[in-house]
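Heads up, coords_8.cif below (mmCIF, C-alpha atoms and all ligand atoms):
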data_model
#
loop_
_atom_site.label_atom_id
_atom_site.label_comp_id
_atom_site.auth_asym_id
_atom_site.auth_seq_id
_atom_site.Cartn_x
_atom_site.Cartn_y
_atom_site.Cartn_z
CA MET B 1 16.76 -10.64 3.09
CA ILE B 2 16.94 -13.00 0.12
CA LEU B 3 18.38 -16.50 0.29
CA ASP B 4 19.80 -17.36 -3.12
CA LEU B 5 20.17 -21.13 -3.40
CA LYS B 6 21.73 -21.02 -6.87
CA HIS B 7 25.17 -20.52 -5.39
CA CYS B 8 24.96 -23.48 -3.04
CA GLU B 9 26.86 -26.18 -4.87
CA ALA B 10 28.22 -28.54 -2.25
CA PHE B 11 26.24 -29.48 0.84
CA PRO B 12 26.17 -28.82 3.71
CA HIS B 13 26.67 -25.24 2.61
CA GLN B 14 27.55 -22.45 5.03
CA LEU B 15 26.67 -18.89 4.25
CA GLU B 16 26.40 -15.53 5.90
CA LEU B 17 23.91 -12.83 4.93
CA THR B 18 23.61 -9.27 6.17
CA ASP B 19 20.90 -6.68 5.63
CA GLU B 20 21.02 -3.23 7.18
CA THR B 21 17.59 -2.14 5.99
CA VAL B 22 15.53 -0.49 8.73
CA ARG B 23 12.09 -2.07 8.76
CA ALA B 24 9.10 -0.97 10.80
CA VAL B 25 7.18 -3.80 12.45
CA ILE B 26 3.43 -3.67 12.90
CA GLY B 27 1.09 -6.12 14.57
CA THR B 28 3.10 -6.66 17.73
CA ASP B 29 3.02 -4.79 21.02
CA ASN B 30 6.71 -4.63 21.69
CA ILE B 31 8.91 -4.42 18.59
CA ARG B 32 8.84 -1.14 16.67
CA VAL B 33 11.77 -1.53 14.29
CA ILE B 34 14.12 -4.29 13.14
CA LYS B 35 17.47 -3.51 11.51
CA ASN B 36 21.02 -4.78 10.99
CA LEU B 37 20.05 -8.35 10.26
CA LYS B 38 22.94 -10.79 10.28
CA LEU B 39 22.26 -14.44 9.50
CA LYS B 40 24.65 -17.37 9.62
CA LEU B 41 23.10 -20.37 7.95
CA ASN B 42 23.90 -23.99 7.43
CA VAL B 43 22.02 -25.39 4.42
CA GLN B 44 21.44 -29.08 3.80
CA ASN B 45 19.83 -30.34 0.64
CA SER B 46 17.47 -33.24 0.19
CA ASP B 47 15.83 -33.67 -3.18
CA ASP B 48 14.21 -30.31 -3.97
CA GLU B 49 14.04 -29.14 -0.36
CA TYR B 50 16.62 -27.24 1.63
CA PHE B 51 16.95 -27.60 5.39
CA CYS B 52 18.31 -24.45 6.98
CA GLN B 53 19.59 -24.00 10.50
CA GLY B 54 21.39 -21.01 11.82
CA ARG B 55 21.83 -18.08 14.06
CA LEU B 56 20.18 -14.70 13.56
CA GLU B 57 21.41 -11.43 15.03
CA ALA B 58 19.53 -8.15 14.79
CA THR B 59 19.10 -4.78 16.40
CA VAL B 60 15.52 -4.17 17.48
CA GLN B 61 13.78 -1.09 18.79
CA LEU B 62 11.50 -2.00 21.65
CA GLU B 63 9.00 -0.17 23.78
CA CYS B 64 9.53 -0.46 27.53
CA ALA B 65 6.61 -2.26 29.18
CA ARG B 66 6.80 0.06 32.19
CA CYS B 67 7.62 3.56 30.94
CA VAL B 68 6.89 3.20 27.17
CA LYS B 69 10.30 4.64 26.30
CA THR B 70 11.73 3.34 23.01
CA PHE B 71 15.10 1.66 23.37
CA GLU B 72 17.40 -0.50 21.25
CA LYS B 73 18.51 -4.00 21.99
CA GLN B 74 20.74 -6.53 20.29
CA LEU B 75 19.00 -9.89 19.85
CA VAL B 76 20.46 -13.27 18.99
CA THR B 77 18.23 -16.23 18.25
CA ASP B 78 18.37 -19.60 16.54
CA VAL B 79 16.41 -20.19 13.34
CA ASP B 80 15.34 -23.44 11.78
CA PHE B 81 13.26 -23.74 8.61
CA ILE B 82 12.76 -25.63 5.35
CA VAL B 83 12.77 -24.05 1.91
CA ALA B 84 10.61 -25.90 -0.63
CA PRO B 85 9.62 -25.22 -4.27
CA GLU B 86 6.96 -22.59 -4.82
CA GLY B 87 3.54 -23.96 -5.66
CA ARG B 88 3.85 -27.04 -3.49
CA ASN B 89 0.64 -28.00 -1.70
CA ARG B 90 1.07 -26.13 1.55
CA ALA B 91 -2.02 -27.47 3.27
CA LYS B 92 -0.97 -31.03 2.60
CA GLU B 93 2.55 -30.26 3.72
CA GLU B 94 1.39 -28.69 6.95
CA ASN B 95 -0.70 -31.71 7.79
CA ILE B 96 2.30 -33.95 7.59
CA ILE B 97 4.83 -31.77 9.38
CA ASP B 98 3.11 -29.15 11.45
CA ASP B 99 6.00 -28.16 13.70
CA GLU B 100 8.31 -27.13 10.88
CA ASP B 101 8.51 -23.66 9.39
CA TYR B 102 8.25 -23.73 5.62
CA LEU B 103 9.02 -21.10 3.08
CA TYR B 104 9.21 -21.28 -0.68
CA TYR B 105 11.73 -20.50 -3.37
CA ASP B 106 10.81 -19.12 -6.78
CA ASN B 107 11.86 -20.25 -10.28
CA ASP B 108 15.16 -18.51 -9.76
CA LEU B 109 15.92 -20.51 -6.58
CA CYS B 110 15.51 -17.41 -4.41
CA ALA B 111 13.49 -17.25 -1.20
CA ASP B 112 12.55 -14.17 0.80
CA LEU B 113 13.46 -14.83 4.45
CA TRP B 114 11.98 -11.67 5.96
CA GLU B 115 8.72 -13.16 7.28
CA ILE B 116 10.39 -16.09 8.99
CA LEU B 117 13.13 -13.90 10.50
CA ARG B 118 10.57 -11.37 11.70
CA GLN B 119 8.65 -14.11 13.48
CA ALA B 120 11.81 -15.53 15.06
CA LEU B 121 12.69 -12.10 16.45
CA ILE B 122 9.20 -11.49 17.81
CA LEU B 123 9.44 -14.81 19.66
CA ALA B 124 12.89 -13.89 20.98
CA VAL B 125 11.67 -10.70 22.67
CA SER B 126 10.41 -11.05 26.20
CA MET B 127 6.72 -10.35 26.83
CA LYS B 128 7.60 -7.36 28.99
CA PRO B 129 10.79 -5.77 27.70
CA LEU B 130 12.30 -3.20 30.04
CA CYS B 131 14.49 -0.25 29.07
CA GLU B 132 16.48 -1.00 32.22
CA GLU B 133 16.16 -3.81 34.70
CA ASN B 134 15.17 -1.34 37.43
CA CYS B 135 12.97 0.94 35.32
CA ARG B 136 10.60 2.67 37.76
CA GLY B 137 7.75 3.20 35.29
CA PHE B 138 4.83 5.51 35.96
CA CYS B 139 3.45 6.41 39.38
CA SER B 140 0.08 4.75 39.83
CA VAL B 141 -1.20 7.77 41.80
CA CYS B 142 -0.06 10.88 39.90
CA GLY B 143 0.91 9.26 36.59
CA GLY B 144 4.36 10.87 36.57
CA ASN B 145 7.37 9.13 35.02
CA ARG B 146 9.27 7.99 38.08
CA ASN B 147 12.52 7.59 36.14
CA LYS B 148 12.51 11.34 35.54
CA LYS B 149 11.11 12.69 38.77
CA GLN B 150 10.61 11.03 42.12
CA CYS B 151 7.17 12.06 43.37
CA ASN B 152 6.00 11.94 46.97
CA CYS B 153 2.71 10.19 46.45
CA ARG B 154 1.44 8.26 49.45
CA ASN B 155 1.20 4.47 49.21
CA ASP B 156 3.36 4.70 46.15
CA ASN B 157 5.79 2.01 47.21
CA SER B 158 3.31 -0.51 48.47
CA ARG B 159 1.18 -0.09 45.35
CA ASN B 160 4.13 -0.58 43.09
CA GLN B 161 5.38 -3.57 44.96
CA PHE B 162 1.95 -5.02 44.52
CA ALA B 163 2.08 -4.27 40.81
CA GLU B 164 5.49 -5.92 40.62
CA LEU B 165 4.12 -9.03 42.26
CA ARG B 166 1.24 -9.10 39.86
CA ASN B 167 3.64 -8.85 36.94
CA LEU B 168 5.43 -11.91 38.17
CA LEU B 169 2.30 -14.03 38.32
ZN ZN B 201 11.32 1.85 31.10
ZN ZN B 202 3.19 10.05 42.06
#
Now that the file is in, can you turn its structure into C-alpha cells?
Ligand SMILES: [Zn+2]
Ligand SMILES: [Zn+2]
Amino acid sequence: MILDLKHCEAFPHQLELTDETVRAVIGTDNIRVIKNLKLKLNVQNSDDEYFCQGRLEATVQLECARCVKTFEKQLVTDVDFIVAPEGRNRAKEENIIDDEDYLYYDNDLCADLWEILRQALILAVSMKPLCEENCRGFCSVCGGNRNKKQCNCRNDNSRNQFAELRNLL
C-alpha cells in the first residue's frame, strides 16, 4: 500500500486507501496471510515531515493456538507514524524520538506503508488466537483433535483443565 503525499494539498488531509492484495506473512507464529487492507488516515504536515494517524482494517488468516486450524479474522487497529524524507539520518532520528514509528518517502513523495501496517497487525493479534472461544484442541493423551472426535481418554479433563490454567498464567 503506497501513500502518495503529492495529492495532499490542504492540511489536515483525510484520505482512505484500500488494497486487496493477498500477502503471505513470514516470521511470526500466528499470522499466515494478510489481505483486504483498508486504511483511513489523517495527515498533518510540519515542514518536510508528515504526521499520520488513522485506523487500519484487514482480514488476516491465523493459526489456532490449540488445534492449529487456519481461520480468518477481521482486525481493526489504530496506526500512528511519521513520514520523513528519504535519506534522513535514521540513527540520529531514533535517538531523539525512539517511541515514534518512522518511514520515508521517495523523491516522488510516495511512501510504502506495508512494513508499518504489517507490524501494527502483528501487534493487534492476540498471543494465542483461537479458532473458536471454546476450541477443544488436541487430547494430551491420544493426540486426537477433540473438536472432531470426543475420545474417552482417562484423566483427559483434569489434564486439560490444568493446561488451561497454565495458559492463563
Ligand atoms: Zn482451534
Ligand atoms: Zn484422547
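Candidate residues B:Arg55, B:Arg66, B:His13, B:Lys149 were compared for distance to Met127 in chain B, and the nearest is B:Arg66, using only C-alpha atoms.
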### Task
Identify which of the residues B:Gln119, B:Asn134, B:Gln53, B:Ser140 lies closest to Gly27 in chain B, counting only C-alpha atoms when measuring atom-to-atom distances.
B:Gln119
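We find CA of Lys38 in chain B and CA of Glu57 in chain B to be spaced 5.0 Å apart.
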### Summary
re CA of Asp101 in chain B and CA of Phe81 in chain B: distance 4.8 Å
### Distance filter 9 Å around ligand ZN 201 (chain B), atoms: only C-alpha atoms and all ligand atoms, out as an MDAnalysis selection string
chainID B and resid 63:71 129:138 147
Considering all atoms listed in the file, tabulate each residue of chain B that lies at most 6 Å from ligand ZN 202 (chain B) along with its nearest interatomic pair and the corresponding distance in Å to one decimal; arrange the rows by chain and ascending residue number and present them as CSV.
residue,atom,partner,partner_atom,distance
B:Cys139,CA,B:ZN202,ZN,4.5
B:Val141,CA,B:ZN202,ZN,5.0
B:Cys142,CA,B:ZN202,ZN,4.0
B:Gly143,CA,B:ZN202,ZN,6.0
B:Gly144,CA,B:ZN202,ZN,5.7
B:Cys151,CA,B:ZN202,ZN,4.6
B:Asn152,CA,B:ZN202,ZN,6.0
B:Cys153,CA,B:ZN202,ZN,4.4
#### Entry: Spatial neighbours of Gln61 in chain B, max dist 9 Å, all atoms listed in the file, sep filter under 4 positions, as a list in words
Asn30, Ile31, Arg32, Val33, Ile34, Lys35, Thr70, Phe71, Glu72, Lys73 and Gln74 of chain B
### Task
Go ahead and find all residues with at least one atom no further than 8 Å from (22.2, -15.2, 3.9) in the file's coordinates, using only C-alpha atoms; report them as a list of chain:residue names.
B:Met1, B:Ile2, B:Leu3, B:Asp4, B:Leu15, B:Glu16, B:Leu17, B:Thr18, B:Lys38, B:Leu39, B:Lys40, B:Leu41
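Of the residues under consideration (B:Ser46, B:Asn145, B:Gln14, B:Leu117), B:Leu117 shows the shortest atom-to-atom contact distance to Leu75 in chain B when counting only C-alpha atoms.
From CA of Val79 in chain B back to CA of Leu103 in chain B, the distance works out to 12.7 Å.
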Please identify all polymer residues within 8 Å of Ala124 in chain B, counting all atoms listed in the file, omitting same-chain residues fewer than 4 positions from it, and present them as a JSON list (two decimals) with C-alpha atoms, in the coordinates of the input.
[["chain", "number", "residue", "atom", "x", "y", "z"],
["B", 75, "LEU", "CA", 19.00, -9.89, 19.85],
["B", 76, "VAL", "CA", 20.46, -13.27, 18.99],
["B", 77, "THR", "CA", 18.23, -16.23, 18.25],
["B", 120, "ALA", "CA", 11.81, -15.53, 15.06]]
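Among the candidates B:Asn45, B:Ala58, B:Val22, B:Ile122, the one nearest to Glu9 in chain B when counting only C-alpha atoms is B:Asn45.
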### Query
Looking at all atoms listed in the file, which of B:Ile26, B:Leu109, B:Val125, B:Ile82 is the one that sits closest to Gly54 in chain B?
B:Ile82
### Message
Ranking B:Leu123, B:Cys110, B:Ala84, B:Val25 by minimum distance to His7 in chain B and counting all atoms listed in the file, which one comes first?
### Response
B:Cys110
